[in-house]
Amino acid sequence: MQTRYEIGPRTFLLDADKAQAALAGKRVIGGRETMSFNLLPLRYGWAYELYRTMKANHWEPEDVPMAKDIEQWRDPRALTDIDRWIVRMGIGYFSAAEGIVGDNVIHVVRELVTAAELKLVLGRHAHEENIHADSLLYMISSLGIDPHECEAMFDDIPTIVAKNRFVTDVSRELRRDLDMNDPAAKRLLAKNVFVFGQCMEGTQFYGLFGMILSLYRQGKLTGIGTMFRYTLRDESNHIEVFRRLLLELAAENPEIWTEDFREELRELMREAVTLEQRFIADCLPVEGMGLSAEDFSQYIDHIADRRLVACGLEPLHHIAIENPLPWLAELMDVRKEQNFFEGRVTEYQKASSLAMVADDEL
Ligand SMILES: [Fe+2]
Ligand SMILES: [Fe+2]
């Protein structure tokens with residue numbers, strides 16, 4: 001079928017069949033190669049929707065005032081030793097972990113996917129990791145923490161080294177020329193997307209997120225807590241991008257989604273949970289107010305099972321693990337506040353988004 005446009009003396013013919021063929025040729029991997037970055041027609045509508053949601057959540061670290069945090073950090077009575085240790089562990093771990101995620105998105109996953117709308121959302125994902133890394137830099141400079149300490153934490157705390165090796169090994173496996181028609185290579189990508197999205201961003205980030213939000217709840221370091229809340233809102237979208245990507249990859253390549261492979265993914269989650277629980281023990285060698293290593297460990301068991309089930313995998317525990325920190329869900333789920341305001345923007349959104357809503361309401 002052709003659509004005909006006659007503009008003055010010239011006639012243009014558009015071939016609808018070609019657009020259909022382009023749509024049919026879109027795949028997560030091994031799709032039609034094109035240099036034109038054609039978003040339309042969209043095959044993966046969810047990717048574009050997530051891109052729009054992520055864009056509407058845009059934030060900049062400098063928007064968050066840090067004066068009260070600086071005052072508390074300098075006041076020896078305002079924070080306990082364990083509060084300060086959690087902040088150091090948080091800043092030490094995340095200042096490099098955010099970069100590891102962003103680098104894997106750009107140099108591995110975005111390189112291998114072929115549909116333009118998937119590349120679009122992954123570009124935004126990587127950009128948000130830059131914002132998160134930048135927010136850590138802003139925290140470090142505001143509090144006057146020696147930047148060399150962050151590097152040292154990354155090298156010298158064995159539980160941090162182990163968590164990072166777990167993900168960088170998976171990323172390295174794909175950083176070479178692979179034939180992506182080979183089911184073994186497809187599985188490496190599926191494993192990467194599962195480990196980064198569900199094990200790392202979806203589970204291993206949540207121990208420290210929870211501890212820092214526990215401080216926030218007590219009115220301690222609320223600037224840092226606010227940045228972590230914004231980061232968490234972004235992370236929930238990253239987990240969803242990678243979850244959808246994994247499910248699409250499995251649906252388009254059913255030969256990889258065997259029982260053995262699904263079991264391999266569950267084992268990877270089991271390893272991620274163990275690494276995270278050891279890390280939590282290092283973060284909380286003694287209990288602080290509202291901070292018990294046992295509760296945070298149980299929280300990790302709880303969240304890991306939720307991630308597995310969301311990917312269509314069996315949970316690690318057959319009896320549901322209760323969430324020991326129900327307040328955390330409220331603080332973490334910034335989107336709930338959006339629902340509360342019936343879909344209108346929250347105070348966290350930028351002025352430009354606010355202006356758009358005002359226009360829509362007219
Ligand atoms: Fe992040
Ligand atoms: Fe992320």
# chains A, B, ... in the order shown; residues from 1 in each chain; ligands from 1
>>> residues_near_ligand(ligand="ligand 2", cutoff="7 Å", atoms="only C-alpha atoms and all ligand atoms", output="PyMOL selection string")
chain A and resi 98+101+125+129+201+234-235+238
>>> residues_around(residues="Leu232 of chain A", least_positions_apart="5", cutoff="10 Å", atoms="only C-alpha atoms", output="PDB file with C-alpha atoms, in the first residue's frame")
ATOM      1  CA  HIS A 132      23.619   9.494  40.784  1.00  0.00           C
ATOM      2  CA  GLU A 201      20.158  -2.521  41.341  1.00  0.00           C
ATOM      3  CA  GLY A 202      17.139  -4.486  42.540  1.00  0.00           C
ATOM      4  CA  PHE A 205      21.408  -1.527  46.472  1.00  0.00           C
ATOM      5  CA  TYR A 206      18.632  -1.892  48.996  1.00  0.00           C
ATOM      6  CA  PHE A 209      19.273   2.549  50.774  1.00  0.00           C
ATOM      7  CA  THR A 226      16.366  13.169  49.901  1.00  0.00           C
ATOM      8  CA  MET A 227      18.944  12.458  47.203  1.00  0.00           C
ATOM      9  CA  ASN A 237      12.524   2.368  36.742  1.00  0.00           C
ATOM     10  CA  HIS A 238      15.920   0.830  35.963  1.00  0.00           C
ATOM     11  CA  LEU A 331       9.634   6.059  52.072  1.00  0.00           C
ATOM     12  CA  MET A 332      11.007   4.202  49.074  1.00  0.00           C
ATOM     13  CA  ASP A 333       7.965   4.371  46.938  1.00  0.00           C
ATOM     14  CA  VAL A 334       7.982   8.021  45.957  1.00  0.00           C
TER      15      VAL A 334
END
>>> closest_residue(among="A:Lys119, A:Arg124, A:Lys163, A:Lys68", to="Leu39 of chain A", atoms="only C-alpha atoms")
A:Lys119
>>> residues_around(residues="segment 18-34 of chain A", least_positions_apart="5", cutoff="10 Å", atoms="only C-alpha atoms", output="mmCIF file with N, CA and C atoms, in the first residue's frame")
data_model
loop_
_atom_site.group_PDB
_atom_site.id
_atom_site.type_symbol
_atom_site.label_atom_id
_atom_site.label_comp_id
_atom_site.auth_asym_id
_atom_site.auth_seq_id
_atom_site.Cartn_x
_atom_site.Cartn_y
_atom_site.Cartn_z
ATOM 1 N N MET A 1 0.841 -1.199 0.000
ATOM 2 C CA MET A 1 0.000 0.000 0.000
ATOM 3 C C MET A 1 0.876 1.249 0.000
ATOM 4 N N GLN A 2 0.444 2.239 -0.822
ATOM 5 C CA GLN A 2 1.252 3.460 -0.891
ATOM 6 C C GLN A 2 0.417 4.676 -0.526
ATOM 7 N N LEU A 39 12.656 5.472 15.628
ATOM 8 C CA LEU A 39 11.865 5.070 16.796
ATOM 9 C C LEU A 39 10.527 4.486 16.359
ATOM 10 N N LEU A 40 9.993 5.056 15.272
ATOM 11 C CA LEU A 40 8.662 4.642 14.814
ATOM 12 C C LEU A 40 8.777 3.709 13.615
ATOM 13 N N PRO A 41 7.889 2.768 13.453
ATOM 14 C CA PRO A 41 6.825 2.384 14.394
ATOM 15 C C PRO A 41 7.424 1.722 15.644
ATOM 16 N N LEU A 42 6.792 1.984 16.807
ATOM 17 C CA LEU A 42 7.287 1.421 18.069
ATOM 18 C C LEU A 42 6.877 -0.039 18.201
ATOM 19 N N ARG A 43 7.855 -0.868 18.504
ATOM 20 C CA ARG A 43 7.504 -2.252 18.829
ATOM 21 C C ARG A 43 7.415 -2.440 20.342
ATOM 22 N N TYR A 44 8.340 -1.759 21.042
ATOM 23 C CA TYR A 44 8.390 -1.903 22.502
ATOM 24 C C TYR A 44 7.855 -0.623 23.145
ATOM 25 N N VAL A 109 25.003 -3.426 27.150
ATOM 26 C CA VAL A 109 23.603 -3.688 26.807
ATOM 27 C C VAL A 109 23.143 -2.823 25.641
ATOM 28 N N GLU A 111 24.878 -1.457 23.387
ATOM 29 C CA GLU A 111 25.615 -1.867 22.191
ATOM 30 C C GLU A 111 24.959 -3.056 21.499
ATOM 31 N N LEU A 112 24.402 -3.969 22.300
ATOM 32 C CA LEU A 112 23.921 -5.231 21.734
ATOM 33 C C LEU A 112 22.468 -5.187 21.283
ATOM 34 N N VAL A 113 21.638 -4.341 21.934
ATOM 35 C CA VAL A 113 20.232 -4.312 21.514
ATOM 36 C C VAL A 113 20.134 -3.589 20.166
ATOM 37 N N THR A 114 19.096 -3.931 19.403
ATOM 38 C CA THR A 114 19.035 -3.370 18.052
ATOM 39 C C THR A 114 17.856 -2.420 17.835
ATOM 40 N N ALA A 115 16.801 -2.473 18.645
ATOM 41 C CA ALA A 115 15.643 -1.597 18.405
ATOM 42 C C ALA A 115 15.914 -0.207 18.988
ATOM 43 N N ALA A 116 15.569 0.832 18.202
ATOM 44 C CA ALA A 116 15.927 2.210 18.602
ATOM 45 C C ALA A 116 15.287 2.622 19.921
ATOM 46 N N GLU A 117 14.024 2.204 20.156
ATOM 47 C CA GLU A 117 13.375 2.639 21.408
ATOM 48 C C GLU A 117 14.040 2.018 22.638
ATOM 49 N N LEU A 118 14.677 0.849 22.462
ATOM 50 C CA LEU A 118 15.412 0.243 23.581
ATOM 51 C C LEU A 118 16.701 1.026 23.831
ATOM 52 N N LYS A 119 17.341 1.442 22.730
ATOM 53 C CA LYS A 119 18.552 2.254 22.878
ATOM 54 C C LYS A 119 18.212 3.596 23.543
ATOM 55 N N ASP A 179 29.106 -13.979 18.674
ATOM 56 C CA ASP A 179 28.052 -14.165 17.682
ATOM 57 C C ASP A 179 26.734 -14.206 18.451
ATOM 58 N N MET A 180 25.955 -13.145 18.312
ATOM 59 C CA MET A 180 24.740 -13.060 19.115
ATOM 60 C C MET A 180 23.623 -13.992 18.615
ATOM 61 N N ASN A 181 23.910 -14.763 17.553
ATOM 62 C CA ASN A 181 22.946 -15.805 17.171
ATOM 63 C C ASN A 181 23.151 -17.072 17.992
ATOM 64 N N LYS A 186 23.490 -15.383 23.802
ATOM 65 C CA LYS A 186 22.201 -14.805 24.212
ATOM 66 C C LYS A 186 21.994 -14.978 25.717
ATOM 67 N N LEU A 189 23.882 -12.445 27.722
ATOM 68 C CA LEU A 189 23.191 -11.143 27.790
ATOM 69 C C LEU A 189 22.026 -11.215 28.795
ATOM 70 N N LEU A 245 13.248 -6.066 29.583
ATOM 71 C CA LEU A 245 14.226 -6.486 28.574
ATOM 72 C C LEU A 245 14.492 -7.997 28.677
ATOM 73 N N LEU A 246 14.634 -8.473 29.892
ATOM 74 C CA LEU A 246 14.871 -9.908 30.108
ATOM 75 C C LEU A 246 13.684 -10.721 29.591
ATOM 76 N N GLU A 248 11.405 -9.880 27.334
ATOM 77 C CA GLU A 248 11.329 -9.810 25.861
ATOM 78 C C GLU A 248 12.376 -10.726 25.228
ATOM 79 N N LEU A 249 13.576 -10.673 25.787
ATOM 80 C CA LEU A 249 14.673 -11.487 25.254
ATOM 81 C C LEU A 249 14.306 -12.976 25.342
ATOM 82 N N ALA A 250 13.720 -13.355 26.465
ATOM 83 C CA ALA A 250 13.331 -14.765 26.652
ATOM 84 C C ALA A 250 12.178 -15.137 25.709
ATOM 85 N N GLU A 252 11.468 -13.788 22.779
ATOM 86 C CA GLU A 252 11.915 -13.831 21.376
ATOM 87 C C GLU A 252 12.901 -14.974 21.113
ATOM 88 N N ASN A 253 13.524 -15.449 22.189
ATOM 89 C CA ASN A 253 14.534 -16.513 22.042
ATOM 90 C C ASN A 253 14.220 -17.643 23.028
#
>>> select_by_dssp(residues="segment 144-193 of chain A", states="alpha helix (DSSP H)", output="CSV table (one decimal) with C-alpha atoms, in the first residue's frame")
chain,number,residue,atom,x,y,z
A,147,PRO,CA,37.8,11.8,48.3
A,148,HIS,CA,40.7,9.3,48.7
A,149,GLU,CA,38.7,7.5,51.3
A,150,CYS,CA,36.0,6.5,48.8
A,151,GLU,CA,38.6,4.9,46.5
A,152,ALA,CA,40.1,3.2,49.5
A,153,MET,CA,36.7,1.8,50.7
A,154,PHE,CA,36.3,0.3,47.2
A,155,ASP,CA,39.6,-1.4,47.4
A,156,ASP,CA,40.0,-2.2,51.0
A,158,PRO,CA,36.5,-7.1,51.2
A,159,THR,CA,32.6,-7.2,51.2
A,160,ILE,CA,32.5,-4.2,48.8
A,161,VAL,CA,35.2,-5.8,46.6
A,162,ALA,CA,33.2,-9.1,46.5
A,163,LYS,CA,30.0,-7.3,45.5
A,164,ASN,CA,31.7,-5.5,42.7
A,165,ARG,CA,33.5,-8.5,41.4
A,166,PHE,CA,30.2,-10.4,41.2
A,167,VAL,CA,28.8,-7.8,38.7
A,168,THR,CA,32.0,-6.8,36.8
A,169,ASP,CA,32.8,-10.5,36.0
A,170,VAL,CA,29.3,-10.8,34.4
A,171,SER,CA,29.9,-7.5,32.4
A,172,ARG,CA,33.3,-8.6,31.2
A,183,PRO,CA,22.3,-19.3,22.3
A,184,ALA,CA,25.3,-19.3,24.7
A,185,ALA,CA,25.9,-15.6,23.9
A,186,LYS,CA,22.2,-14.8,24.2
A,187,ARG,CA,22.3,-16.4,27.7
A,188,LEU,CA,25.2,-14.2,28.6
A,189,LEU,CA,23.2,-11.1,27.8
A,190,ALA,CA,20.1,-12.5,29.7
A,191,LYS,CA,22.4,-13.2,32.7
A,192,ASN,CA,23.9,-9.7,32.5
A,193,VAL,CA,20.5,-8.0,32.4
>>> atom_distance(atom1="atom CA of Asn104 of chain A", atom2="atom CA of Leu120 of chain A")
15.3 Å
>>> closest_residue(among="A:Pro315, A:Ile82, A:Ile157, A:Asp146", to="Ser292 of chain A", atoms="only C-alpha atoms")
A:Ile82
>>> atom_distance(atom1="atom CA of Leu215 of chain A", atom2="atom CA of Leu316 of chain A")
29.8 Å
>>> atom_distance(atom1="atom CA of Ala281 of chain A", atom2="atom CA of Arg74 of chain A")
26.3 Å
>>> closest_residue(among="A:Asn323, A:Gln204, A:Ser236, A:Ser297", to="Glu128 of chain A", atoms="only C-alpha atoms")
A:Ser236
>>> closest_residue(among="A:His127, A:Arg217, A:Arg262, A:Arg52", to="ligand 1", atoms="only C-alpha atoms and all ligand atoms")
A:His127
>>> closest_residue(among="A:Lys55, A:Tyr5, A:Ala133, A:Thr11", to="ligand 1", atoms="only C-alpha atoms and all ligand atoms")
A:Ala133
>>> closest_residue(among="A:Ile91, A:Gly288, A:Ser36, A:Gln298", to="Phe228 of chain A", atoms="only C-alpha atoms")
A:Ile91
